[in-house]
Every structure is written in structure tokens, then in C-alpha cells.
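Engineer: Here it is: the structure, laid out below.
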Amino acid sequence: MPTKMTINTFTALKAERKIVCLTAYSAPMAAILDAHCDLLLVGDSVAMVLYGMDNTQGADIQMMVRHAQAVMRGTKQALVVVDLPAGSYETSPEQALTTATQIIQESGADAIKLEGGALLKPHIKLLVKNGIPVMGHIGLLPQKASSASMYRITGKTDDEAALLHADMHALVDAGVFGIVMEGIIEPVAKDIATACSVPTIGIGASTVCDGQILVTDDMVGLFDKFVPTFVRQFGKLNPAITESVSAYRAAVIDGSFPSNEHLFWPKVEK
């Protein structure tokens with residue numbers, strides 16, 4: 001049996017090698033990714049990727065719980081982290097604790113992730129105090145963007161750079177076990193990753209980050225509504241599926257599918 005990743009073994013990777021992370025929303029995909037990833041994120045990107053919404057703000061607690069349950073069924077090895085959806089944790093530390101507790105208890109996931117910097121320090125402290133592992137997320141915050149035009153790279157000014165550094169230090173002080181760094185300009189991202197004492201996971205951030213994460217559907221070329229600059233498509237599933245469906249349509253129309261081999265026949269008595 002494969003060894004299950006824990007928070008401690010995950011953080012220890014910082015000193016050993018680059019950390020591999022991807023998103024997962026279903027049991028079959030989680031089962032495929034599990035052997036290759038250190039961390040699987042049940043991201044609120046599910047709202048866009050699977051439900052066709054324009055942004056991540058449409059994700060809710062029950063959506064995240066159901067998909068986290070599915071991913072847990074397909075995972076034996078990777079650390080499973082779940083996004084707290086927008087509006088479910090920002091109001092107060094107590095709200096964050098209630099939401100995080102529900103998601104962890106109902107899904108069995110290993111940890112949660114939330115978006116934001118120093119303002120969320122009290123929230124993170126309360127979660128960690130209550131035994132809930134927390135991953136932070138700084139830089140570009142998708143939950144704050146209602147359209148693609150609002151996705152902007154951060155760290156371009158001295159003030160933005162200073163705020164990002166302050167956010168990183170605040171999250172580390174609050175007790176996060178890792179930080180996702182998204183959409184942060186170089187060399188600011190490099191400086192933050194270098195200075196951070198917990199693992200940093202980049203997405204449109206520095207190669208100096210301890211690991212990388214992408215939305216799986218972007219990476220395999222399945223979700224093609226738009227391709228962010230930071231995405232490298234390691235596959236082209238969309239055209240492959242299109243070709244398969246086209247061939248299926250033709251076979252149904254011309255009657256070549258199903259054939260006799262695809263039907264059920266009575267057993268011949270001997």
C-alpha cells in the first residue's frame with residue numbers, strides 16, 4: 001500500500017525536492033493523479049471547470065463537500081486540501097472555523113485553503129488552534145475577481161511588493177503549513193519564496209517556489225475557454241474527445257454501432 005502523505009511529510013519536501021500539486025474534483029481523476037501528486041486541491045475552480053460558471057464565486061459549501069468526498073474516495077496517497085468557498089469564512093474567525101470544521105468532518109479531507117493575507121491572520125490562528133491544518137493563498141485572489149478582466153498580476157509596485165511580503169509573514173506567523181503564490185511578478189515572487197519558511201506553491205509565480213500547481217483541466221487541454229499565461233498544456237484532450245464523439249455520432253447514424261458484439265444474446269443450450 002502507498003504511504004499516505006501527512007502535513008509533516010509534505011512540509012519536509014521543502015528541503016528534499018520540488019512539490020507536485022494539481023486540482024481534482026472527481027474520484028476517477030483523483031485516482032489517476034494520486035500516484036503522481038503530493039497534493040490534490042479540491043479547488044473552487046470547480047465552479048468554472050465543471051459547472052460552467054464565469055468565476056469561482058458560485059462555489060458553495062455543499063459543492064466543495066461533495067467534490068471533496070469524491071476526491072477522497074479516489075485518493076490513497078496524496079494530501080487532499082479543500083478550498084473554503086467565497087463568503088464562507090471572511091466575516092469572522094468563528095465563521096471560518098464553522099465552515100472549515102463542516103468541510104473537514106463531512107469530507108474527511110486533510111486540510112483547507114483560504115485566500116487572503118494579513119487580515120485573515122486571526123481566522124487562521126483559530127483554525128490551527130482547533131487542529132485544522134491551513135494552507136494560505138496570496139497574490140492574485142480568484143475569489144475577488146468576478147470576470148477575467150479582473151485577474152491582474154500583483155507585486156508591480158513597491159507598495160504591492162511590501163504588502164505581499166507582509167501577507168506571507170502574517171500567514172506563516174498564524175501557522176499555515178504552506179502558501180500558494182498566484183500571479184506575482186518576478187523578482188518579487190522570487191524574494192517572497194526565498195524568504196518563506198514554509199513550502200511555497202507557485203501558479204504564475206517564481207520557479208524558486210518549492211512546488212507548482214495547475215488546474216488539471218487546463219494542464220491536459222480539456223478546459224479551453226481560455227488558457228492563462230502561466231498554463232503549459234501537457235496534453236490536448238479537448239480535440240481528442242471531439243474526434244471520438246464525432247466518430248461515435250457517425251457510427252450511430254450509419255448503423256455501424258452497435259454491432260452484434262455489443263448486444264446481449266441468449267445462451268445456446270448444448
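Each chain of the C-alpha cells is named A, B, ... in the order shown, its residues numbered from 1; ligands are numbered from 1 in display order.
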Could you produce a table of the residues of segment 49-74 of chain A lying within 6 Å of segment 23-29 of chain A, with the nearest pair of atoms per residue and their separation in Å rounded to one decimal, using only C-alpha atoms, ordered by chain and increasing residue number, as a tab-separated table?
Structural biologist:
```
residue	atom	partner	partner_atom	distance
A:His67	CA	A:Tyr25	CA	5.2
A:Ala70	CA	A:Ala27	CA	4.7
A:Val71	CA	A:Ala27	CA	4.7
A:Arg73	CA	A:Ala27	CA	5.7
A:Gly74	CA	A:Ala27	CA	4.3
```
Engineer: Next, the residues of the selection above should be written as a PDB file, in the first residue's frame with N, CA and C atoms.
Structural biologist:
```
ATOM      1  N   HIS A  67     -17.537  17.350  -3.734  1.00  0.00           N
ATOM      2  CA  HIS A  67     -16.375  17.057  -4.569  1.00  0.00           C
ATOM      3  C   HIS A  67     -15.187  16.580  -3.731  1.00  0.00           C
ATOM      4  N   ALA A  70     -15.727  12.956  -3.093  1.00  0.00           N
ATOM      5  CA  ALA A  70     -15.396  12.166  -4.284  1.00  0.00           C
ATOM      6  C   ALA A  70     -13.892  11.992  -4.420  1.00  0.00           C
ATOM      7  N   VAL A  71     -13.148  13.069  -4.216  1.00  0.00           N
ATOM      8  CA  VAL A  71     -11.694  13.002  -4.340  1.00  0.00           C
ATOM      9  C   VAL A  71     -11.106  12.089  -3.275  1.00  0.00           C
ATOM     10  N   ARG A  73     -12.440   9.496  -2.071  1.00  0.00           N
ATOM     11  CA  ARG A  73     -12.694   8.102  -2.467  1.00  0.00           C
ATOM     12  C   ARG A  73     -11.666   7.605  -3.474  1.00  0.00           C
ATOM     13  N   GLY A  74     -11.092   8.530  -4.241  1.00  0.00           N
ATOM     14  CA  GLY A  74     -10.130   8.127  -5.258  1.00  0.00           C
ATOM     15  C   GLY A  74      -8.681   8.287  -4.858  1.00  0.00           C
TER      16      GLY A  74
END
```
Engineer: What's the 7 Å shell around segment 93-100 of chain A, counting only C-alpha atoms, without same-chain residues fewer than 5 positions away, as a ChimeraX atom specification?
Structural biologist: /A:84,88,112,122-123,126-127
Engineer: Can those selected residues be exported to a file as a PDB file, in the first residue's frame so that it contains all heavy atoms?
Structural biologist:
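What landed in again-v4.pdb:
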```pdb
ATOM      1  N   LEU A  84     -11.957  26.756   0.957  1.00  0.00           N
ATOM      2  CA  LEU A  84     -13.148  27.329   1.572  1.00  0.00           C
ATOM      3  C   LEU A  84     -13.751  28.281   0.539  1.00  0.00           C
ATOM      4  O   LEU A  84     -13.059  29.168   0.040  1.00  0.00           O
ATOM      5  CB  LEU A  84     -12.806  28.092   2.849  1.00  0.00           C
ATOM      6  CG  LEU A  84     -12.203  27.301   4.017  1.00  0.00           C
ATOM      7  CD1 LEU A  84     -12.189  28.169   5.281  1.00  0.00           C
ATOM      8  CD2 LEU A  84     -12.962  26.012   4.278  1.00  0.00           C
ATOM      9  N   SER A  88     -17.735  32.197   2.830  1.00  0.00           N
ATOM     10  CA  SER A  88     -17.973  31.219   3.891  1.00  0.00           C
ATOM     11  C   SER A  88     -17.017  31.340   5.068  1.00  0.00           C
ATOM     12  O   SER A  88     -17.127  30.582   6.029  1.00  0.00           O
ATOM     13  CB  SER A  88     -17.879  29.796   3.323  1.00  0.00           C
ATOM     14  OG  SER A  88     -16.530  29.455   3.045  1.00  0.00           O
ATOM     15  N   ILE A 112      -7.571  22.572   4.745  1.00  0.00           N
ATOM     16  CA  ILE A 112      -8.335  23.543   3.953  1.00  0.00           C
ATOM     17  C   ILE A 112      -7.383  24.623   3.442  1.00  0.00           C
ATOM     18  O   ILE A 112      -6.266  24.773   3.943  1.00  0.00           O
ATOM     19  CB  ILE A 112      -9.497  24.169   4.749  1.00  0.00           C
ATOM     20  CG1 ILE A 112      -8.998  24.940   5.991  1.00  0.00           C
ATOM     21  CG2 ILE A 112     -10.488  23.085   5.168  1.00  0.00           C
ATOM     22  CD1 ILE A 112      -8.719  26.392   5.758  1.00  0.00           C
ATOM     23  N   PRO A 122      -6.173  36.290  12.222  1.00  0.00           N
ATOM     24  CA  PRO A 122      -6.959  35.753  13.351  1.00  0.00           C
ATOM     25  C   PRO A 122      -7.755  34.509  12.965  1.00  0.00           C
ATOM     26  O   PRO A 122      -7.921  33.598  13.782  1.00  0.00           O
ATOM     27  CB  PRO A 122      -7.895  36.917  13.704  1.00  0.00           C
ATOM     28  CG  PRO A 122      -7.256  38.133  13.127  1.00  0.00           C
ATOM     29  CD  PRO A 122      -6.563  37.669  11.887  1.00  0.00           C
ATOM     30  N   HIS A 123      -8.249  34.475  11.730  1.00  0.00           N
ATOM     31  CA  HIS A 123      -9.020  33.324  11.267  1.00  0.00           C
ATOM     32  C   HIS A 123      -8.144  32.071  11.248  1.00  0.00           C
ATOM     33  O   HIS A 123      -8.534  31.005  11.741  1.00  0.00           O
ATOM     34  CB  HIS A 123      -9.557  33.580   9.854  1.00  0.00           C
ATOM     35  CG  HIS A 123     -10.387  34.816   9.698  1.00  0.00           C
ATOM     36  ND1 HIS A 123      -9.935  36.083  10.016  1.00  0.00           N
ATOM     37  CD2 HIS A 123     -11.647  34.988   9.228  1.00  0.00           C
ATOM     38  CE1 HIS A 123     -10.871  36.972   9.761  1.00  0.00           C
ATOM     39  NE2 HIS A 123     -11.919  36.336   9.282  1.00  0.00           N
ATOM     40  N   LEU A 126      -7.191  30.715  14.719  1.00  0.00           N
ATOM     41  CA  LEU A 126      -8.272  29.978  15.377  1.00  0.00           C
ATOM     42  C   LEU A 126      -8.418  28.588  14.777  1.00  0.00           C
ATOM     43  O   LEU A 126      -8.627  27.604  15.514  1.00  0.00           O
ATOM     44  CB  LEU A 126      -9.595  30.750  15.261  1.00  0.00           C
ATOM     45  CG  LEU A 126     -10.789  30.115  15.983  1.00  0.00           C
ATOM     46  CD1 LEU A 126     -10.523  30.031  17.487  1.00  0.00           C
ATOM     47  CD2 LEU A 126     -12.070  30.913  15.709  1.00  0.00           C
ATOM     48  N   LEU A 127      -8.311  28.476  13.467  1.00  0.00           N
ATOM     49  CA  LEU A 127      -8.405  27.168  12.825  1.00  0.00           C
ATOM     50  C   LEU A 127      -7.274  26.251  13.292  1.00  0.00           C
ATOM     51  O   LEU A 127      -7.510  25.095  13.658  1.00  0.00           O
ATOM     52  CB  LEU A 127      -8.355  27.320  11.302  1.00  0.00           C
ATOM     53  CG  LEU A 127      -9.516  28.062  10.629  1.00  0.00           C
ATOM     54  CD1 LEU A 127      -9.311  28.103   9.119  1.00  0.00           C
ATOM     55  CD2 LEU A 127     -10.848  27.419  10.959  1.00  0.00           C
TER      56      LEU A 127
END
```
Engineer: With only C-alpha atoms as the atoms that count, which of A:Phe10, A:Tyr89, A:Phe177, A:Tyr51 lies nearest to Met63 of chain A?
Structural biologist: A:Tyr51
Engineer: Return as a list in words the full set of residues in segment 149-215 of chain A whose backbone-based DSSP assignment is strand (DSSP E or B).
Structural biologist: Thr154, Gly178, Ile179, Val180, Met181, Glu182, Ile184, Thr200, Ile201, Gly202, Ile203, Gly211, Gln212, Ile213 and Leu214 of chain A
Engineer: Write out, as a PDB file, in the first residue's frame, the residues just selected, with C-alpha atoms.
Structural biologist:
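Output file out05.pdb follows:
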```
ATOM      1  CA  THR A 154       0.374  41.700  -8.349  1.00  0.00           C
ATOM      2  CA  GLY A 178       2.155  26.113   3.091  1.00  0.00           C
ATOM      3  CA  ILE A 179       1.281  29.048   0.844  1.00  0.00           C
ATOM      4  CA  VAL A 180       0.010  29.166  -2.726  1.00  0.00           C
ATOM      5  CA  MET A 181       1.528  32.151  -4.542  1.00  0.00           C
ATOM      6  CA  GLU A 182      -0.521  33.147  -7.593  1.00  0.00           C
ATOM      7  CA  ILE A 184       3.058  37.547  -8.609  1.00  0.00           C
ATOM      8  CA  THR A 200       5.513  27.838  -1.350  1.00  0.00           C
ATOM      9  CA  ILE A 201       3.458  26.527  -4.266  1.00  0.00           C
ATOM     10  CA  GLY A 202       3.552  28.647  -7.387  1.00  0.00           C
ATOM     11  CA  ILE A 203       0.925  29.252 -10.025  1.00  0.00           C
ATOM     12  CA  GLY A 211       6.389  23.413  -5.878  1.00  0.00           C
ATOM     13  CA  GLN A 212       3.863  24.144  -8.585  1.00  0.00           C
ATOM     14  CA  ILE A 213       0.119  23.742  -9.055  1.00  0.00           C
ATOM     15  CA  LEU A 214      -2.157  23.983 -12.078  1.00  0.00           C
TER      16      LEU A 214
END
```
Engineer: What lies within 9 Å of Leu114 of chain A using only C-alpha atoms, ignoring chain neighbours under 4 positions off, as a VMD selection string?
Structural biologist: chain A and resid 82 to 86 89 120 124 134 to 137
Engineer: Emit the selected residues as a JSON list (two decimals), in the first residue's frame, including N, CA and C atoms.
Structural biologist:
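File produced: selection.json:
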```json
[["chain", "number", "residue", "atom", "x", "y", "z"],
["A", 82, "VAL", "N", -8.88, 21.31, 0.60],
["A", 82, "VAL", "CA", -10.14, 21.82, 0.05],
["A", 82, "VAL", "C", -10.21, 23.33, 0.22],
["A", 83, "ASP", "N", -10.61, 24.02, -0.84],
["A", 83, "ASP", "CA", -10.83, 25.46, -0.76],
["A", 83, "ASP", "C", -12.07, 25.77, 0.08],
["A", 84, "LEU", "N", -11.96, 26.76, 0.96],
["A", 84, "LEU", "CA", -13.15, 27.33, 1.57],
["A", 84, "LEU", "C", -13.75, 28.28, 0.54],
["A", 85, "PRO", "N", -15.03, 28.11, 0.18],
["A", 85, "PRO", "CA", -15.61, 28.94, -0.87],
["A", 85, "PRO", "C", -15.82, 30.39, -0.43],
["A", 86, "ALA", "N", -15.86, 31.27, -1.40],
["A", 86, "ALA", "CA", -16.05, 32.70, -1.13],
["A", 86, "ALA", "C", -17.31, 32.94, -0.31],
["A", 89, "TYR", "N", -16.07, 32.32, 5.01],
["A", 89, "TYR", "CA", -15.07, 32.39, 6.07],
["A", 89, "TYR", "C", -14.56, 33.79, 6.38],
["A", 120, "LEU", "N", -6.52, 37.95, 7.47],
["A", 120, "LEU", "CA", -7.05, 36.64, 7.87],
["A", 120, "LEU", "C", -6.21, 35.95, 8.94],
["A", 124, "ILE", "N", -6.96, 32.22, 10.68],
["A", 124, "ILE", "CA", -6.04, 31.08, 10.56],
["A", 124, "ILE", "C", -5.60, 30.60, 11.94],
["A", 134, "VAL", "N", -4.06, 24.51, 7.76],
["A", 134, "VAL", "CA", -4.46, 25.56, 6.83],
["A", 134, "VAL", "C", -3.34, 25.85, 5.83],
["A", 135, "MET", "N", -3.73, 25.91, 4.57],
["A", 135, "MET", "CA", -2.83, 26.39, 3.52],
["A", 135, "MET", "C", -3.29, 27.79, 3.14],
["A", 136, "GLY", "N", -2.32, 28.72, 3.01],
["A", 136, "GLY", "CA", -2.65, 30.08, 2.64],
["A", 136, "GLY", "C", -2.61, 30.29, 1.14],
["A", 137, "HIS", "N", -3.01, 31.48, 0.71],
["A", 137, "HIS", "CA", -3.04, 31.81, -0.72],
["A", 137, "HIS", "C", -2.92, 33.33, -0.84]]
```
Engineer: Nearest to Thr194 of chain A among A:Lys129, A:His165, A:His36, A:Lys270, with distances taken over only C-alpha atoms: which residue is it?
Structural biologist: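 That would be A:His165, the residue with the smallest distance to Thr194 of chain A.
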Engineer: Suppose you want the space between atom CA of Val215 of chain A and atom CA of Gln77 of chain A; what is it in Å?
Structural biologist: 19.1 Å
Engineer: Here is a test: counting only C-alpha atoms, which residue of A:Asp158, A:Asp210, A:Glu106, A:Glu115 is nearest to Leu141 of chain A?
Structural biologist: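 With only C-alpha atoms as the atom set, the closest residue is A:Glu115.
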Engineer: My list of candidates is A:Ala109, A:Ile32, A:Thr216, A:Pro228. Which is closest to Ser45 of chain A when distances are computed with only C-alpha atoms?
Structural biologist: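 The answer is A:Thr216, which sits nearest to Ser45 of chain A.
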Engineer: Of the residues A:Lys125, A:Leu13, A:Asp54, A:Thr6, which is the one nearest to Val80 of chain A, using only C-alpha atoms?
Structural biologist: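 When distances to Val80 of chain A are compared using only C-alpha atoms, the smallest one comes from A:Thr6.
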Engineer: Tell me which protein, DNA and RNA residues are within 10 Å of Lys4 of chain A, counting only C-alpha atoms, leaving out same-chain ones fewer than 3 positions away, and put them as a ChimeraX atom specification.
Structural biologist: /A:1,9,38,75-79
Engineer: Generate the output file for the selected residues, all heavy atoms, as a PDB file, in the first residue's frame.
Structural biologist:
```pdb
ATOM      1  N   MET A   1       0.841  -1.199   0.000  1.00  0.00           N
ATOM      2  CA  MET A   1       0.000   0.000   0.000  1.00  0.00           C
ATOM      3  C   MET A   1       0.881   1.257   0.000  1.00  0.00           C
ATOM      4  O   MET A   1       1.894   1.317   0.695  1.00  0.00           O
ATOM      5  CB  MET A   1      -0.899   0.018   1.246  1.00  0.00           C
ATOM      6  CG  MET A   1      -1.990  -1.020   1.242  1.00  0.00           C
ATOM      7  SD  MET A   1      -3.256  -0.678  -0.014  1.00  0.00           S
ATOM      8  CE  MET A   1      -4.016   0.792   0.687  1.00  0.00           C
ATOM      9  N   THR A   9       5.076  15.192   6.422  1.00  0.00           N
ATOM     10  CA  THR A   9       5.850  14.701   5.290  1.00  0.00           C
ATOM     11  C   THR A   9       5.771  15.670   4.115  1.00  0.00           C
ATOM     12  O   THR A   9       6.720  15.797   3.341  1.00  0.00           O
ATOM     13  CB  THR A   9       5.384  13.301   4.851  1.00  0.00           C
ATOM     14  OG1 THR A   9       3.962  13.310   4.624  1.00  0.00           O
ATOM     15  CG2 THR A   9       5.713  12.272   5.910  1.00  0.00           C
ATOM     16  N   ASP A  38       1.843  15.070  -4.895  1.00  0.00           N
ATOM     17  CA  ASP A  38       1.998  15.150  -3.441  1.00  0.00           C
ATOM     18  C   ASP A  38       0.759  15.746  -2.800  1.00  0.00           C
ATOM     19  O   ASP A  38       0.415  15.412  -1.665  1.00  0.00           O
ATOM     20  CB  ASP A  38       3.214  16.018  -3.098  1.00  0.00           C
ATOM     21  CG  ASP A  38       4.484  15.516  -3.754  1.00  0.00           C
ATOM     22  OD1 ASP A  38       4.829  14.339  -3.541  1.00  0.00           O
ATOM     23  OD2 ASP A  38       5.124  16.294  -4.491  1.00  0.00           O
ATOM     24  N   THR A  75      -8.441   8.704  -3.624  1.00  0.00           N
ATOM     25  CA  THR A  75      -7.082   9.034  -3.189  1.00  0.00           C
ATOM     26  C   THR A  75      -6.592   8.085  -2.103  1.00  0.00           C
ATOM     27  O   THR A  75      -7.294   7.831  -1.128  1.00  0.00           O
ATOM     28  CB  THR A  75      -7.030  10.480  -2.645  1.00  0.00           C
ATOM     29  OG1 THR A  75      -7.550  11.370  -3.627  1.00  0.00           O
ATOM     30  CG2 THR A  75      -5.603  10.884  -2.303  1.00  0.00           C
ATOM     31  N   LYS A  76      -5.377   7.593  -2.268  1.00  0.00           N
ATOM     32  CA  LYS A  76      -4.741   6.754  -1.255  1.00  0.00           C
ATOM     33  C   LYS A  76      -3.464   7.389  -0.718  1.00  0.00           C
ATOM     34  O   LYS A  76      -3.029   7.069   0.388  1.00  0.00           O
ATOM     35  CB  LYS A  76      -4.396   5.383  -1.844  1.00  0.00           C
ATOM     36  CG  LYS A  76      -5.603   4.572  -2.297  1.00  0.00           C
ATOM     37  CD  LYS A  76      -5.162   3.254  -2.900  1.00  0.00           C
ATOM     38  CE  LYS A  76      -6.365   2.435  -3.365  1.00  0.00           C
ATOM     39  NZ  LYS A  76      -5.949   1.145  -3.990  1.00  0.00           N
ATOM     40  N   GLN A  77      -2.871   8.284  -1.481  1.00  0.00           N
ATOM     41  CA  GLN A  77      -1.521   8.735  -1.179  1.00  0.00           C
ATOM     42  C   GLN A  77      -1.406  10.243  -0.962  1.00  0.00           C
ATOM     43  O   GLN A  77      -0.794  10.705  -0.013  1.00  0.00           O
ATOM     44  CB  GLN A  77      -0.623   8.316  -2.341  1.00  0.00           C
ATOM     45  CG  GLN A  77       0.781   8.867  -2.340  1.00  0.00           C
ATOM     46  CD  GLN A  77       1.568   8.309  -3.501  1.00  0.00           C
ATOM     47  OE1 GLN A  77       1.788   7.115  -3.605  1.00  0.00           O
ATOM     48  NE2 GLN A  77       1.985   9.187  -4.402  1.00  0.00           N
ATOM     49  N   ALA A  78      -1.968  11.036  -1.866  1.00  0.00           N
ATOM     50  CA  ALA A  78      -1.758  12.487  -1.847  1.00  0.00           C
ATOM     51  C   ALA A  78      -2.458  13.159  -0.668  1.00  0.00           C
ATOM     52  O   ALA A  78      -3.464  12.666  -0.151  1.00  0.00           O
ATOM     53  CB  ALA A  78      -2.248  13.103  -3.150  1.00  0.00           C
ATOM     54  N   LEU A  79      -1.911  14.296  -0.254  1.00  0.00           N
ATOM     55  CA  LEU A  79      -2.566  15.158   0.722  1.00  0.00           C
ATOM     56  C   LEU A  79      -3.729  15.846   0.016  1.00  0.00           C
ATOM     57  O   LEU A  79      -3.564  16.386  -1.079  1.00  0.00           O
ATOM     58  CB  LEU A  79      -1.567  16.201   1.228  1.00  0.00           C
ATOM     59  CG  LEU A  79      -1.939  16.966   2.508  1.00  0.00           C
ATOM     60  CD1 LEU A  79      -1.792  16.054   3.724  1.00  0.00           C
ATOM     61  CD2 LEU A  79      -1.047  18.193   2.664  1.00  0.00           C
TER      62      LEU A  79
END
```
Engineer: Between A:Lys144, A:Arg66, A:Arg17, A:Lys190, which is the closest to Glu90 of chain A once you count only C-alpha atoms?
Structural biologist: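 For Glu90 of chain A, the nearest of the candidates is A:Lys144.
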Engineer: Taking the DSSP secondary structure from the backbone, can you list the residues of segment 151-226 of chain A that are alpha helix (DSSP H), as a PyMOL selection string?
Structural biologist: chain A and resi 158-174+188-195+216-219
Engineer: I'd like the contact shell of segment 231-239 of chain A - 8 Å cut-off, only C-alpha atoms, skipping same-chain residues fewer than 2 positions apart - returned as a PyMOL selection string.
Structural biologist: chain A and resi 204+214+218-224+227-229+241-243
Engineer: Can I get the selected residues back with C-alpha atoms, as a tab-separated table (two decimals), in the first residue's frame?
Structural biologist:
```tsv
chain	number	residue	atom	x	y	z
A	204	GLY	CA	2.10	32.05	-12.25
A	214	LEU	CA	-2.16	23.98	-12.08
A	218	ASP	CA	-6.08	23.40	-18.07
A	219	MET	CA	-2.93	21.29	-17.96
A	220	VAL	CA	-4.35	18.42	-20.03
A	221	GLY	CA	-6.03	20.73	-22.54
A	222	LEU	CA	-9.60	19.81	-21.61
A	223	PHE	CA	-10.87	23.20	-20.40
A	224	ASP	CA	-10.17	25.59	-23.28
A	227	VAL	CA	-5.69	29.46	-21.38
A	228	PRO	CA	-3.90	31.57	-18.75
A	229	THR	CA	-0.35	32.66	-19.48
A	241	ILE	CA	-12.55	13.90	-27.19
A	242	THR	CA	-14.09	15.90	-30.03
A	243	GLU	CA	-12.67	13.41	-32.54
```
